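upload-v8.txt follows; it contains compact mmCIF, C-alpha atoms (C1' of nucleotides).
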# COMPACT_ATOMS: atom_id res chain seq x y z
CA MET M 1 -40.67 52.30 63.20
CA SER M 2 -37.89 51.99 60.66
CA GLU M 3 -37.75 55.26 58.72
CA LYS M 4 -39.65 55.51 55.47
CA ARG M 5 -37.06 57.45 53.50
CA THR M 6 -36.25 56.34 49.99
CA PHE M 7 -33.07 56.68 47.95
CA SER M 8 -32.17 57.07 44.31
CA ILE M 9 -29.55 54.91 42.75
CA SER M 10 -27.07 57.77 42.58
CA GLU M 11 -27.59 58.64 46.24
CA LEU M 12 -26.64 55.14 47.29
CA SER M 13 -23.87 55.08 44.73
CA GLN M 14 -22.31 58.18 46.26
CA GLU M 15 -22.92 57.30 49.88
CA PHE M 16 -21.23 53.91 49.59
CA ASP M 17 -18.77 54.77 46.83
CA VAL M 18 -19.94 52.03 44.50
CA THR M 19 -20.90 52.40 40.83
CA THR M 20 -24.51 52.41 39.70
CA ARG M 21 -23.51 49.51 37.48
CA SER M 22 -22.68 47.45 40.55
CA ILE M 23 -25.94 48.34 42.25
CA ARG M 24 -27.94 47.31 39.20
CA PHE M 25 -25.89 44.14 39.03
CA TYR M 26 -26.71 43.33 42.63
CA GLU M 27 -30.38 43.73 41.81
CA ASP M 28 -29.93 41.56 38.75
CA GLN M 29 -28.46 38.85 40.94
CA GLY M 30 -31.41 39.08 43.31
CA LEU M 31 -29.63 40.73 46.23
CA LEU M 32 -31.59 43.97 46.07
CA LYS M 33 -35.25 44.42 45.24
CA PRO M 34 -35.91 48.13 44.80
CA ALA M 35 -39.44 49.30 44.02
CA ARG M 36 -40.12 51.16 40.78
CA ARG M 37 -41.73 54.44 39.93
CA GLY M 38 -42.22 54.00 36.22
CA GLN M 39 -38.97 52.30 35.42
CA THR M 40 -36.92 54.26 37.88
CA ARG M 41 -35.60 52.36 40.87
CA ILE M 42 -36.65 53.45 44.32
CA PHE M 43 -34.55 52.05 47.15
CA SER M 44 -35.95 51.58 50.63
CA THR M 45 -34.01 51.69 53.89
CA LYS M 46 -34.10 47.91 53.79
CA ASP M 47 -32.34 47.97 50.44
CA ARG M 48 -29.82 50.37 51.91
CA VAL M 49 -29.10 48.04 54.79
CA ARG M 50 -28.69 45.17 52.41
CA LEU M 51 -26.30 47.12 50.24
CA LYS M 52 -24.26 47.85 53.33
CA LEU M 53 -24.24 44.15 54.18
CA ILE M 54 -23.22 43.23 50.66
CA LEU M 55 -20.24 45.57 50.77
CA ARG M 56 -19.17 44.41 54.18
CA GLY M 57 -19.45 40.86 52.96
CA LYS M 58 -17.14 41.71 50.11
CA ARG M 59 -14.58 43.24 52.43
CA MET M 60 -14.72 40.02 54.39
CA GLY M 61 -14.16 37.92 51.31
CA PHE M 62 -17.71 36.66 50.79
CA SER M 63 -19.01 36.20 47.27
CA LEU M 64 -22.28 37.73 46.17
CA ALA M 65 -23.72 34.24 45.96
CA GLU M 66 -22.88 33.55 49.59
CA THR M 67 -24.40 36.82 50.69
CA LYS M 68 -27.50 36.17 48.64
CA GLU M 69 -27.82 32.76 50.22
CA LEU M 70 -27.89 34.40 53.62
CA PHE M 71 -30.45 36.99 52.54
CA ASP M 72 -32.71 34.35 51.05
CA LEU M 73 -32.40 32.13 54.05
CA TRP M 74 -33.25 34.94 56.36
CA ASP M 75 -36.35 35.77 54.31
CA GLU M 76 -37.44 32.14 54.40
CA THR M 77 -36.78 31.97 58.08
CA LEU M 78 -39.22 34.81 58.68
CA THR M 79 -42.01 32.59 57.34
CA GLY M 80 -40.91 30.36 60.20
CA ASN M 81 -41.30 26.65 59.62
CA GLU M 82 -39.38 24.61 62.18
CA LYS M 83 -37.04 22.88 59.74
CA GLN M 84 -35.98 26.19 58.29
CA LEU M 85 -35.39 27.67 61.70
CA LEU M 86 -33.11 24.79 62.60
CA LYS M 87 -31.25 25.08 59.33
CA MET M 88 -30.80 28.77 59.98
CA LEU M 89 -29.31 28.07 63.39
CA GLU M 90 -26.90 25.70 61.73
CA ILE M 91 -25.86 28.24 59.16
CA LEU M 92 -25.42 30.87 61.82
CA SER M 93 -23.18 28.56 63.75
CA ASP M 94 -21.14 27.92 60.58
CA ARG M 95 -20.73 31.63 60.10
CA ARG M 96 -19.58 32.01 63.65
CA ALA M 97 -16.92 29.40 62.99
CA GLN M 98 -15.84 31.24 59.88
CA LEU M 99 -15.58 34.45 61.84
CA GLU M 100 -13.43 32.70 64.42
CA GLN M 101 -11.14 31.50 61.66
CA GLN M 102 -10.91 35.01 60.29
CA LYS M 103 -10.09 36.39 63.71
CA ASN M 104 -7.24 33.92 63.95
CA ASP M 105 -6.06 34.89 60.50
CA ILE M 106 -6.13 38.54 61.46
CA ALA M 107 -4.27 37.93 64.69
CA GLN M 108 -1.60 36.03 62.78
CA ALA M 109 -1.35 38.75 60.18
CA GLU M 110 -1.00 41.37 62.88
CA MET M 111 1.86 39.52 64.50
CA GLU M 112 3.62 39.22 61.19
CA ILE M 113 3.16 42.88 60.52
CA ASP M 114 4.64 43.61 63.93
CA THR M 115 7.80 41.66 63.27
CA ALA M 116 8.05 42.99 59.73
CA GLU M 117 7.82 46.53 61.01
CA ALA M 118 10.41 45.85 63.67
CA ARG M 119 12.83 44.56 61.06
CA CYS M 120 12.22 47.56 58.88
CA ARG M 121 12.99 49.93 61.76
CA GLU M 122 16.16 48.05 62.58
CA SER M 123 17.35 48.28 59.00
CA LEU M 124 16.53 51.96 58.97
CA GLU M 125 18.57 52.57 62.10
CA GLU M 126 21.50 50.76 60.56
CA LEU M 127 21.30 53.04 57.58
CA GLN M 128 21.12 56.13 59.77
CA LYS M 129 24.28 55.08 61.59
CA LYS M 130 26.15 54.63 58.35
CA LYS M 131 25.00 58.05 57.24
CA LYS M 132 26.42 59.66 60.36
CA GLN M 133 29.72 57.93 59.81
CA GLN M 134 29.76 59.25 56.28
CA VAL M 135 29.27 62.78 57.55
CA ALA M 136 32.17 62.32 59.99
CA THR M 137 34.49 61.00 57.25
CA PRO M 138 32.98 62.17 53.95
CA LYS M 139 33.74 60.48 50.65
CA GLU M 140 36.12 61.92 48.11
CA SER M 141 33.40 62.38 45.54
CA GLU M 142 31.53 64.63 47.93
CA GLN M 143 34.63 66.60 48.87
CA THR M 144 35.61 67.32 45.28
CA ALA M 145 32.06 68.28 44.41
CA THR M 146 32.61 71.43 46.46
CA MET G 1 18.14 27.39 61.02
CA SER G 2 14.95 27.00 59.02
CA GLU G 3 14.57 23.32 58.11
CA LYS G 4 15.87 22.14 54.78
CA ARG G 5 13.02 19.80 53.93
CA THR G 6 11.53 19.92 50.48
CA PHE G 7 8.05 19.09 49.24
CA SER G 8 6.46 17.75 46.09
CA ILE G 9 3.51 19.47 44.52
CA SER G 10 1.14 16.74 45.62
CA GLU G 11 2.35 16.88 49.21
CA LEU G 12 1.53 20.57 49.40
CA SER G 13 -1.66 19.99 47.49
CA GLN G 14 -2.84 17.49 50.09
CA GLU G 15 -1.58 19.33 53.13
CA PHE G 16 -3.38 22.54 52.25
CA ASP G 17 -6.28 21.03 50.34
CA VAL G 18 -5.64 22.96 47.17
CA THR G 19 -5.38 21.58 43.64
CA THR G 20 -2.04 21.18 41.89
CA ARG G 21 -3.50 23.36 39.18
CA SER G 22 -3.80 26.19 41.65
CA ILE G 23 -0.26 25.75 42.90
CA ARG G 24 1.10 25.84 39.37
CA PHE G 25 -1.02 28.88 38.73
CA TYR G 26 0.44 30.63 41.73
CA GLU G 27 3.90 29.93 40.38
CA ASP G 28 2.83 31.19 36.99
CA GLN G 29 1.74 34.43 38.58
CA GLY G 30 5.08 34.77 40.32
CA LEU G 31 3.91 34.04 43.86
CA LEU G 32 5.90 30.83 44.22
CA LYS G 33 9.34 30.04 42.88
CA PRO G 34 10.01 26.33 43.38
CA ALA G 35 13.35 24.88 42.29
CA ARG G 36 13.47 22.20 39.61
CA ARG G 37 14.96 18.76 39.41
CA GLY G 38 14.71 18.13 35.70
CA GLN G 39 11.31 19.64 35.10
CA THR G 40 9.81 18.50 38.36
CA ARG G 41 9.04 21.21 40.90
CA ILE G 42 10.75 21.07 44.26
CA PHE G 43 9.21 23.26 46.91
CA SER G 44 11.22 24.65 49.82
CA THR G 45 9.95 25.51 53.28
CA LYS G 46 9.90 29.12 52.12
CA ASP G 47 7.54 28.16 49.31
CA ARG G 48 5.42 26.33 51.84
CA VAL G 49 5.20 29.39 54.05
CA ARG G 50 4.26 31.50 51.08
CA LEU G 51 1.55 29.09 50.04
CA LYS G 52 0.15 29.31 53.53
CA LEU G 53 0.21 33.09 53.30
CA ILE G 54 -1.49 33.04 49.91
CA LEU G 55 -4.33 30.91 51.23
CA ARG G 56 -4.77 32.99 54.32
CA GLY G 57 -4.80 36.06 52.13
CA LYS G 58 -7.61 34.54 50.12
CA ARG G 59 -9.63 33.79 53.22
CA MET G 60 -9.21 37.41 54.16
CA GLY G 61 -10.38 38.62 50.77
CA PHE G 62 -7.03 39.57 49.26
CA SER G 63 -6.45 39.01 45.57
CA LEU G 64 -3.40 37.12 44.36
CA ALA G 65 -2.09 40.37 42.90
CA GLU G 66 -2.26 42.05 46.30
CA THR G 67 -0.49 39.18 47.98
CA LYS G 68 2.17 39.15 45.28
CA GLU G 69 2.69 42.85 45.77
CA LEU G 70 3.43 42.19 49.40
CA PHE G 71 5.83 39.35 48.62
CA ASP G 72 7.70 41.42 46.06
CA LEU G 73 7.90 44.37 48.33
CA TRP G 74 9.23 42.30 51.13
CA ASP G 75 11.90 40.86 48.85
CA GLU G 76 12.89 44.32 47.72
CA THR G 77 12.94 45.53 51.28
CA LEU G 78 15.50 42.91 52.14
CA THR G 79 17.94 44.59 49.74
CA GLY G 80 17.30 47.55 52.02
CA ASN G 81 17.49 50.95 50.37
CA GLU G 82 16.05 53.66 52.60
CA LYS G 83 13.26 54.73 50.28
CA GLN G 84 12.03 51.16 50.00
CA LEU G 85 12.13 50.69 53.73
CA LEU G 86 10.00 53.78 54.24
CA LYS G 87 7.56 52.65 51.58
CA MET G 88 7.33 49.28 53.30
CA LEU G 89 6.51 50.92 56.60
CA GLU G 90 3.77 52.84 54.87
CA ILE G 91 2.30 49.70 53.34
CA LEU G 92 2.47 47.92 56.65
CA SER G 93 0.57 50.74 58.27
CA ASP G 94 -2.04 50.54 55.51
CA ARG G 95 -2.45 46.84 56.15
CA ARG G 96 -2.86 47.49 59.82
CA ALA G 97 -5.67 49.90 59.01
CA GLN G 98 -7.29 47.30 56.79
CA LEU G 99 -7.09 44.75 59.56
CA GLU G 100 -8.73 47.20 61.95
CA GLN G 101 -11.54 47.68 59.47
CA GLN G 102 -11.93 43.92 59.17
CA LYS G 103 -12.04 43.54 62.92
CA ASN G 104 -14.85 46.05 63.03
CA ASP G 105 -16.64 44.22 60.27
CA ILE G 106 -16.30 40.98 62.15
CA ALA G 107 -17.52 42.47 65.39
CA GLN G 108 -20.58 43.86 63.59
CA ALA G 109 -21.23 40.54 61.93
CA GLU G 110 -20.99 38.76 65.26
CA MET G 111 -23.53 41.07 66.83
CA GLU G 112 -25.90 40.50 63.96
CA ILE G 113 -25.49 36.79 64.24
CA ASP G 114 -26.25 37.04 67.93
CA THR G 115 -29.54 38.83 67.38
CA ALA G 116 -30.42 36.59 64.46
CA GLU G 117 -29.87 33.53 66.60
CA ALA G 118 -31.92 34.99 69.42
CA ARG G 119 -34.83 35.58 67.07
CA CYS G 120 -34.56 32.08 65.73
CA ARG G 121 -34.72 30.62 69.21
CA GLU G 122 -37.73 32.74 70.09
CA SER G 123 -39.56 31.57 66.99
CA LEU G 124 -38.67 28.00 67.82
CA GLU G 125 -40.08 28.31 71.35
CA GLU G 126 -43.29 29.73 69.93
CA LEU G 127 -43.60 26.73 67.68
CA GLN G 128 -42.94 24.34 70.55
CA LYS G 129 -45.75 25.94 72.59
CA LYS G 130 -48.19 25.58 69.73
CA LYS G 131 -47.22 21.96 69.36
CA LYS G 132 -48.00 21.27 72.99
CA GLN G 133 -51.40 22.90 72.60
CA GLN G 134 -52.05 20.71 69.59
CA VAL G 135 -51.30 17.62 71.60
CA ALA G 136 -53.73 18.81 74.29
CA THR G 137 -56.51 19.44 71.73
CA PRO G 138 -55.66 17.38 68.64
CA LYS G 139 -57.02 18.23 65.20
CA GLU G 140 -59.84 16.32 63.58
CA SER G 141 -57.71 15.16 60.67
CA GLU G 142 -55.39 13.47 63.12
CA GLN G 143 -58.21 11.84 65.02
CA THR G 144 -59.85 10.34 61.94
CA ALA G 145 -56.49 9.11 60.67
CA THR G 146 -56.56 6.55 63.43
C1' DG N 1 9.99 -4.30 29.58
C1' DA N 2 5.24 -3.21 30.09
C1' DT N 3 2.36 -0.50 32.73
C1' DA N 4 0.80 2.30 36.02
C1' DA N 5 1.52 6.62 38.81
C1' DA N 6 2.98 11.17 39.24
C1' DG N 7 4.65 14.80 37.10
C1' DT N 8 4.86 18.20 33.12
C1' DT N 9 3.38 21.82 29.30
C1' DT N 10 -0.05 23.81 26.29
C1' DA N 11 -4.26 25.54 25.60
C1' DC N 12 -9.00 26.25 25.52
C1' DG N 13 -13.17 26.90 28.74
C1' DT N 14 -15.70 29.09 32.56
C1' DA N 15 -17.93 31.62 36.52
C1' DA N 16 -17.92 35.90 39.03
C1' DA N 17 -18.13 40.74 39.16
C1' DC N 18 -18.27 44.11 37.16
C1' DG N 19 -16.60 47.96 32.95
C1' DT N 20 -17.99 50.16 29.01
C1' DA N 21 -20.40 51.70 25.19
C1' DA N 22 -24.90 52.47 22.65
C1' DA N 23 -29.26 53.95 22.33
C1' DG N 24 -33.36 55.16 24.29
C1' DT N 25 -36.76 57.54 27.93
C1' DA N 26 -38.11 60.88 31.55
C1' DT N 27 -37.49 64.98 34.01
C1' DT N 28 -35.71 69.23 35.05
C1' DT N 29 -33.61 73.52 33.86
C1' DT N 30 -32.88 77.41 30.91
C1' DA Y 1 -39.21 73.77 23.19
C1' DA Y 2 -34.30 72.86 23.33
C1' DA Y 3 -30.73 71.27 25.99
C1' DA Y 4 -28.89 69.22 29.80
C1' DT Y 5 -29.32 65.73 33.43
C1' DA Y 6 -30.47 61.48 35.37
C1' DC Y 7 -32.09 57.28 34.61
C1' DT Y 8 -32.98 53.06 31.95
C1' DT Y 9 -32.11 48.47 29.12
C1' DT Y 10 -29.30 45.64 26.18
C1' DA Y 11 -25.27 43.59 25.24
C1' DC Y 12 -20.62 42.71 24.40
C1' DG Y 13 -15.84 43.03 26.72
C1' DT Y 14 -12.53 42.16 30.56
C1' DT Y 15 -10.06 40.43 34.59
C1' DT Y 16 -9.32 36.94 38.08
C1' DA Y 17 -8.71 32.39 39.46
C1' DC Y 18 -8.81 28.60 38.42
C1' DG Y 19 -11.19 23.74 35.79
C1' DT Y 20 -10.52 20.47 32.37
C1' DA Y 21 -8.66 17.91 28.66
C1' DA Y 22 -4.84 16.37 25.65
C1' DA Y 23 -0.53 14.83 24.81
C1' DC Y 24 3.97 13.98 26.62
C1' DT Y 25 8.10 12.66 29.96
C1' DT Y 26 9.97 10.58 34.14
C1' DT Y 27 9.92 7.59 37.87
C1' DA Y 28 8.29 3.66 40.50
C1' DT Y 29 6.17 -1.17 40.38
C1' DC Y 30 5.07 -5.54 38.89

Conversion result in structure tokens:
Amino acid sequence: MSEKRTFSISELSQEFDVTTRSIRFYEDQGLLKPARRGQTRIFSTKDRVRLKLILRGKRMGFSLAETKELFDLWDETLTGNEKQLLKMLEILSDRRAQLEQQKNDIAQAEMEIDTAEARCRESLEELQKKKKQQVATPKESEQTAT
Amino acid sequence: MSEKRTFSISELSQEFDVTTRSIRFYEDQGLLKPARRGQTRIFSTKDRVRLKLILRGKRMGFSLAETKELFDLWDETLTGNEKQLLKMLEILSDRRAQLEQQKNDIAQAEMEIDTAEARCRESLEELQKKKKQQVATPKESEQTAT
DNA sequence: GATAAAGTTTACGTAAACGTAAAGTATTTT
DNA sequence: AAAATACTTTACGTTTACGTAAACTTTATC
């Protein structure tokens, strides 16, 4: 059984370090569907999971619309007509392709960071050498300063 | 020696499937610095590389401002004062951390896609079974339709 | 030399994703 | 019950990353 805890908007806000404004906006856009007690929002564990997915999506460069599309599709899929299931499989396969692309991008970026770092360290060493030389034969300005 | 070819705006536009408007915008924001022949832009291989980096950055969820920051910093670093070199190393290490985070995100997403796909396939099999049963004992509506 | 094709600047428009009041309600604390 | 705290809606403002149109110049083509 998936826990029956509930969360207030500020709890989620703090836990995920996102403003309440954003959370309300996500609801407004149909990504979250918290229950209400009076007019106060009550978030379920399902909402919490979705919020987590939204934020991860953002980190991965997905728009809210794209994430919503996935949510909606998944909900539809649960009602399980064959056409929808097949469409879902297609979408999933698209996502997988996107993820592959991103993995390539990341690998590339990592290599570039490697070489960039190497160059930085080389330059630093060069500077260190020059420093040592300066200590061995100090400049006039530094001698007179004494 | 890095090739001395040059490119027109439309060549780059086609190669990377991005509008000329976008390319001009990137220049406007200081991310590209094409030479000019009269008022026509002439892009170098360096510009081309940078465009590629911009687009990859976008796929990875980086804003133009973030990418520009990196470009600028790298340019500064080349002039090589020690403080800047150390700052660059810091930034690089930050990026590395970000990439790690993204790799985690991707791994998570892949797992979720795996389970989602599995569920889809299960549901599909269920439907197939029901279909077979229907063929064995067809519905009245389908009988009368003949 | 007209006309199309490719380039340019200028400038207003727009969608996404919130930020930021303003003004009100509900609940809890003192 | 007064004040503070947490929540709400409404609504206008802002930034980013371009789209789109207008009016103009330069270069290639017929």

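Restricting the calculation to only C-alpha atoms (C1' of nucleotides), the smallest distance between chain M and any of N:DA26, N:DC12, N:DA4, N:DA21 is found for N:DA26.
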
Please produce chain G as an mmCIF file with C-alpha atoms, in the frame of the given file once it has been superposed on chain M, the fit using all Cα atoms paired in sequence order.
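Output file out-v8.cif is given in full below:
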data_model
loop_
_atom_site.group_PDB
_atom_site.id
_atom_site.type_symbol
_atom_site.label_atom_id
_atom_site.label_comp_id
_atom_site.auth_asym_id
_atom_site.auth_seq_id
_atom_site.Cartn_x
_atom_site.Cartn_y
_atom_site.Cartn_z
ATOM 1 C CA MET G 1 -40.575 52.127 63.285
ATOM 2 C CA SER G 2 -37.830 51.887 60.690
ATOM 3 C CA GLU G 3 -37.736 55.173 58.764
ATOM 4 C CA LYS G 4 -39.672 55.435 55.546
ATOM 5 C CA ARG G 5 -37.102 57.391 53.573
ATOM 6 C CA THR G 6 -36.283 56.305 50.068
ATOM 7 C CA PHE G 7 -33.123 56.688 48.016
ATOM 8 C CA SER G 8 -32.193 57.087 44.380
ATOM 9 C CA ILE G 9 -29.540 54.938 42.807
ATOM 10 C CA SER G 10 -27.087 57.809 42.660
ATOM 11 C CA GLU G 11 -27.598 58.676 46.315
ATOM 12 C CA LEU G 12 -26.648 55.158 47.339
ATOM 13 C CA SER G 13 -23.892 55.125 44.777
ATOM 14 C CA GLN G 14 -22.319 58.209 46.333
ATOM 15 C CA GLU G 15 -22.932 57.291 49.938
ATOM 16 C CA PHE G 16 -21.235 53.923 49.637
ATOM 17 C CA ASP G 17 -18.790 54.791 46.878
ATOM 18 C CA VAL G 18 -19.956 52.089 44.528
ATOM 19 C CA THR G 19 -20.915 52.465 40.871
ATOM 20 C CA THR G 20 -24.534 52.452 39.741
ATOM 21 C CA ARG G 21 -23.545 49.586 37.497
ATOM 22 C CA SER G 22 -22.703 47.526 40.538
ATOM 23 C CA ILE G 23 -25.957 48.369 42.266
ATOM 24 C CA ARG G 24 -27.952 47.357 39.215
ATOM 25 C CA PHE G 25 -25.901 44.209 39.033
ATOM 26 C CA TYR G 26 -26.720 43.372 42.614
ATOM 27 C CA GLU G 27 -30.391 43.759 41.803
ATOM 28 C CA ASP G 28 -29.939 41.603 38.741
ATOM 29 C CA GLN G 29 -28.475 38.891 40.914
ATOM 30 C CA GLY G 30 -31.418 39.113 43.278
ATOM 31 C CA LEU G 31 -29.627 40.748 46.202
ATOM 32 C CA LEU G 32 -31.608 43.980 46.048
ATOM 33 C CA LYS G 33 -35.260 44.456 45.218
ATOM 34 C CA PRO G 34 -35.933 48.177 44.813
ATOM 35 C CA ALA G 35 -39.460 49.353 44.021
ATOM 36 C CA ARG G 36 -40.159 51.208 40.788
ATOM 37 C CA ARG G 37 -41.761 54.498 39.950
ATOM 38 C CA GLY G 38 -42.230 54.092 36.229
ATOM 39 C CA GLN G 39 -38.960 52.399 35.431
ATOM 40 C CA THR G 40 -36.910 54.345 37.917
ATOM 41 C CA ARG G 41 -35.597 52.409 40.903
ATOM 42 C CA ILE G 42 -36.650 53.494 44.360
ATOM 43 C CA PHE G 43 -34.576 52.070 47.164
ATOM 44 C CA SER G 44 -35.963 51.568 50.666
ATOM 45 C CA THR G 45 -34.041 51.650 53.926
ATOM 46 C CA LYS G 46 -34.103 47.860 53.798
ATOM 47 C CA ASP G 47 -32.342 47.968 50.440
ATOM 48 C CA ARG G 48 -29.840 50.366 51.934
ATOM 49 C CA VAL G 49 -29.119 48.016 54.807
ATOM 50 C CA ARG G 50 -28.691 45.159 52.397
ATOM 51 C CA LEU G 51 -26.296 47.133 50.252
ATOM 52 C CA LYS G 52 -24.261 47.836 53.342
ATOM 53 C CA LEU G 53 -24.251 44.138 54.159
ATOM 54 C CA ILE G 54 -23.220 43.228 50.625
ATOM 55 C CA LEU G 55 -20.247 45.570 50.759
ATOM 56 C CA ARG G 56 -19.173 44.397 54.156
ATOM 57 C CA GLY G 57 -19.464 40.848 52.914
ATOM 58 C CA LYS G 58 -17.127 41.701 50.075
ATOM 59 C CA ARG G 59 -14.585 43.217 52.418
ATOM 60 C CA MET G 60 -14.714 39.998 54.364
ATOM 61 C CA GLY G 61 -14.166 37.888 51.271
ATOM 62 C CA PHE G 62 -17.710 36.641 50.734
ATOM 63 C CA SER G 63 -18.988 36.192 47.208
ATOM 64 C CA LEU G 64 -22.265 37.753 46.129
ATOM 65 C CA ALA G 65 -23.729 34.259 45.877
ATOM 66 C CA GLU G 66 -22.875 33.561 49.509
ATOM 67 C CA THR G 67 -24.382 36.819 50.653
ATOM 68 C CA LYS G 68 -27.501 36.177 48.597
ATOM 69 C CA GLU G 69 -27.811 32.761 50.159
ATOM 70 C CA LEU G 70 -27.876 34.398 53.547
ATOM 71 C CA PHE G 71 -30.462 36.974 52.494
ATOM 72 C CA ASP G 72 -32.718 34.330 50.990
ATOM 73 C CA LEU G 73 -32.401 32.112 53.969
ATOM 74 C CA TRP G 74 -33.243 34.894 56.303
ATOM 75 C CA ASP G 75 -36.334 35.722 54.264
ATOM 76 C CA GLU G 76 -37.416 32.109 54.320
ATOM 77 C CA THR G 77 -36.762 31.911 58.018
ATOM 78 C CA LEU G 78 -39.191 34.724 58.603
ATOM 79 C CA THR G 79 -41.987 32.513 57.252
ATOM 80 C CA GLY G 80 -40.844 30.268 60.085
ATOM 81 C CA ASN G 81 -41.240 26.553 59.483
ATOM 82 C CA GLU G 82 -39.328 24.518 62.050
ATOM 83 C CA LYS G 83 -36.992 22.795 59.623
ATOM 84 C CA GLN G 84 -35.942 26.126 58.161
ATOM 85 C CA LEU G 85 -35.355 27.592 61.574
ATOM 86 C CA LEU G 86 -33.077 24.708 62.490
ATOM 87 C CA LYS G 87 -31.213 25.018 59.213
ATOM 88 C CA MET G 88 -30.764 28.722 59.882
ATOM 89 C CA LEU G 89 -29.292 28.020 63.286
ATOM 90 C CA GLU G 90 -26.869 25.641 61.656
ATOM 91 C CA ILE G 91 -25.806 28.214 59.085
ATOM 92 C CA LEU G 92 -25.404 30.828 61.760
ATOM 93 C CA SER G 93 -23.152 28.510 63.695
ATOM 94 C CA ASP G 94 -21.113 27.894 60.543
ATOM 95 C CA ARG G 95 -20.699 31.619 60.069
ATOM 96 C CA ARG G 96 -19.589 31.979 63.632
ATOM 97 C CA ALA G 97 -16.911 29.376 62.990
ATOM 98 C CA GLN G 98 -15.814 31.239 59.885
ATOM 99 C CA LEU G 99 -15.566 34.449 61.848
ATOM 100 C CA GLU G 100 -13.435 32.702 64.458
ATOM 101 C CA GLN G 101 -11.127 31.503 61.717
ATOM 102 C CA GLN G 102 -10.912 35.031 60.342
ATOM 103 C CA LYS G 103 -10.111 36.411 63.759
ATOM 104 C CA ASN G 104 -7.258 33.961 64.012
ATOM 105 C CA ASP G 105 -6.072 34.932 60.574
ATOM 106 C CA ILE G 106 -6.149 38.568 61.536
ATOM 107 C CA ALA G 107 -4.299 37.985 64.768
ATOM 108 C CA GLN G 108 -1.592 36.089 62.868
ATOM 109 C CA ALA G 109 -1.363 38.818 60.280
ATOM 110 C CA GLU G 110 -1.026 41.440 62.988
ATOM 111 C CA MET G 111 1.830 39.585 64.616
ATOM 112 C CA GLU G 112 3.602 39.300 61.306
ATOM 113 C CA ILE G 113 3.143 42.956 60.643
ATOM 114 C CA ASP G 114 4.588 43.698 64.051
ATOM 115 C CA THR G 115 7.768 41.751 63.396
ATOM 116 C CA ALA G 116 8.018 43.095 59.868
ATOM 117 C CA GLU G 117 7.789 46.632 61.164
ATOM 118 C CA ALA G 118 10.374 45.945 63.834
ATOM 119 C CA ARG G 119 12.808 44.673 61.227
ATOM 120 C CA CYS G 120 12.188 47.684 59.066
ATOM 121 C CA ARG G 121 12.955 50.029 61.926
ATOM 122 C CA GLU G 122 16.138 48.159 62.763
ATOM 123 C CA SER G 123 17.318 48.402 59.175
ATOM 124 C CA LEU G 124 16.495 52.083 59.160
ATOM 125 C CA GLU G 125 18.551 52.709 62.311
ATOM 126 C CA GLU G 126 21.478 50.884 60.749
ATOM 127 C CA LEU G 127 21.272 53.154 57.755
ATOM 128 C CA GLN G 128 21.092 56.247 59.942
ATOM 129 C CA LYS G 129 24.280 55.196 61.771
ATOM 130 C CA LYS G 130 26.129 54.711 58.514
ATOM 131 C CA LYS G 131 25.000 58.116 57.368
ATOM 132 C CA LYS G 132 26.427 59.747 60.461
ATOM 133 C CA GLN G 133 29.740 57.995 59.893
ATOM 134 C CA GLN G 134 29.749 59.271 56.336
ATOM 135 C CA VAL G 135 29.298 62.807 57.539
ATOM 136 C CA ALA G 136 32.224 62.335 59.943
ATOM 137 C CA THR G 137 34.491 60.971 57.172
ATOM 138 C CA PRO G 138 33.016 62.135 53.858
ATOM 139 C CA LYS G 139 33.731 60.353 50.584
ATOM 140 C CA GLU G 140 36.140 61.687 48.006
ATOM 141 C CA SER G 141 33.469 62.063 45.347
ATOM 142 C CA GLU G 142 31.601 64.406 47.640
ATOM 143 C CA GLN G 143 34.678 66.426 48.461
ATOM 144 C CA THR G 144 35.666 66.996 44.838
ATOM 145 C CA ALA G 145 32.092 67.912 43.940
ATOM 146 C CA THR G 146 32.603 71.122 45.839
#

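Near chain M, the residues of chain Y that fall inside 10 Å (using all atoms listed in the file) are DA6, DC7 and DT8 of chain Y.
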
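Minimum atom-to-atom distance to chain N, evaluated using only C-alpha atoms (C1' of nucleotides), belongs to G:Gly38 out of G:Ser123, G:Glu82, G:Glu15, G:Gly38.
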
Using all atoms listed in the file, I'd like a table of the residues in chain N that come within 12 Å of chain G; for each, show the closest atom pair and its distance in Å rounded to one decimal, ordered by chain and ascending number, as a tab-separated table.
residue	atom	partner	partner_atom	distance
N:DA6	C1'	G:Ser10	CA	8.7
N:DG7	C1'	G:Thr40	CA	6.5
N:DT8	C1'	G:Gln39	CA	6.9
N:DT9	C1'	G:Gln39	CA	10.1

- Task: Name all residues at most 12 Å from G:Thr19 (count all atoms listed in the file; drop same-chain ones fewer than 5 positions away) and give them as a ChimeraX atom specification.
- Result: /G:9-14,24-26 /Y:18-19

- Give as an NGL selection string every residue of chain G that touches chain M within 8 Å, counting all atoms listed in the file. :G and (56 or 58-62 or 77 or 80 or 82 or 85 or 88-89 or 92 or 96 or 99 or 102-103 or 105-106 or 110 or 113 or 117 or 120 or 123-124 or 127)

- Record the distance separating atom CA of M:Asp75 and atom CA of M:Pro34, expressed in Å with one decimal.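 Atom-to-atom, atom CA of M:Asp75 and atom CA of M:Pro34 are spaced 15.6 Å apart.
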
- Message: I'd like the neighbourhood of N:DA11 as a ChimeraX atom specification, where a residue qualifies if any of its atoms comes within 12 Å (using all atoms listed in the file), though same-chain residues fewer than 3 positions away should be ignored.
- Response: /Y:20-23

Please produce an output containing C-alpha atoms (C1' of nucleotides) for each residue in the selection, written as a JSON list (two decimals), keeping the file's coordinate frame.
[["chain", "number", "residue", "atom", "x", "y", "z"],
["Y", 20, "DT", "C1'", -10.52, 20.47, 32.37],
["Y", 21, "DA", "C1'", -8.66, 17.91, 28.66],
["Y", 22, "DA", "C1'", -4.84, 16.37, 25.65],
["Y", 23, "DA", "C1'", -0.53, 14.83, 24.81]]
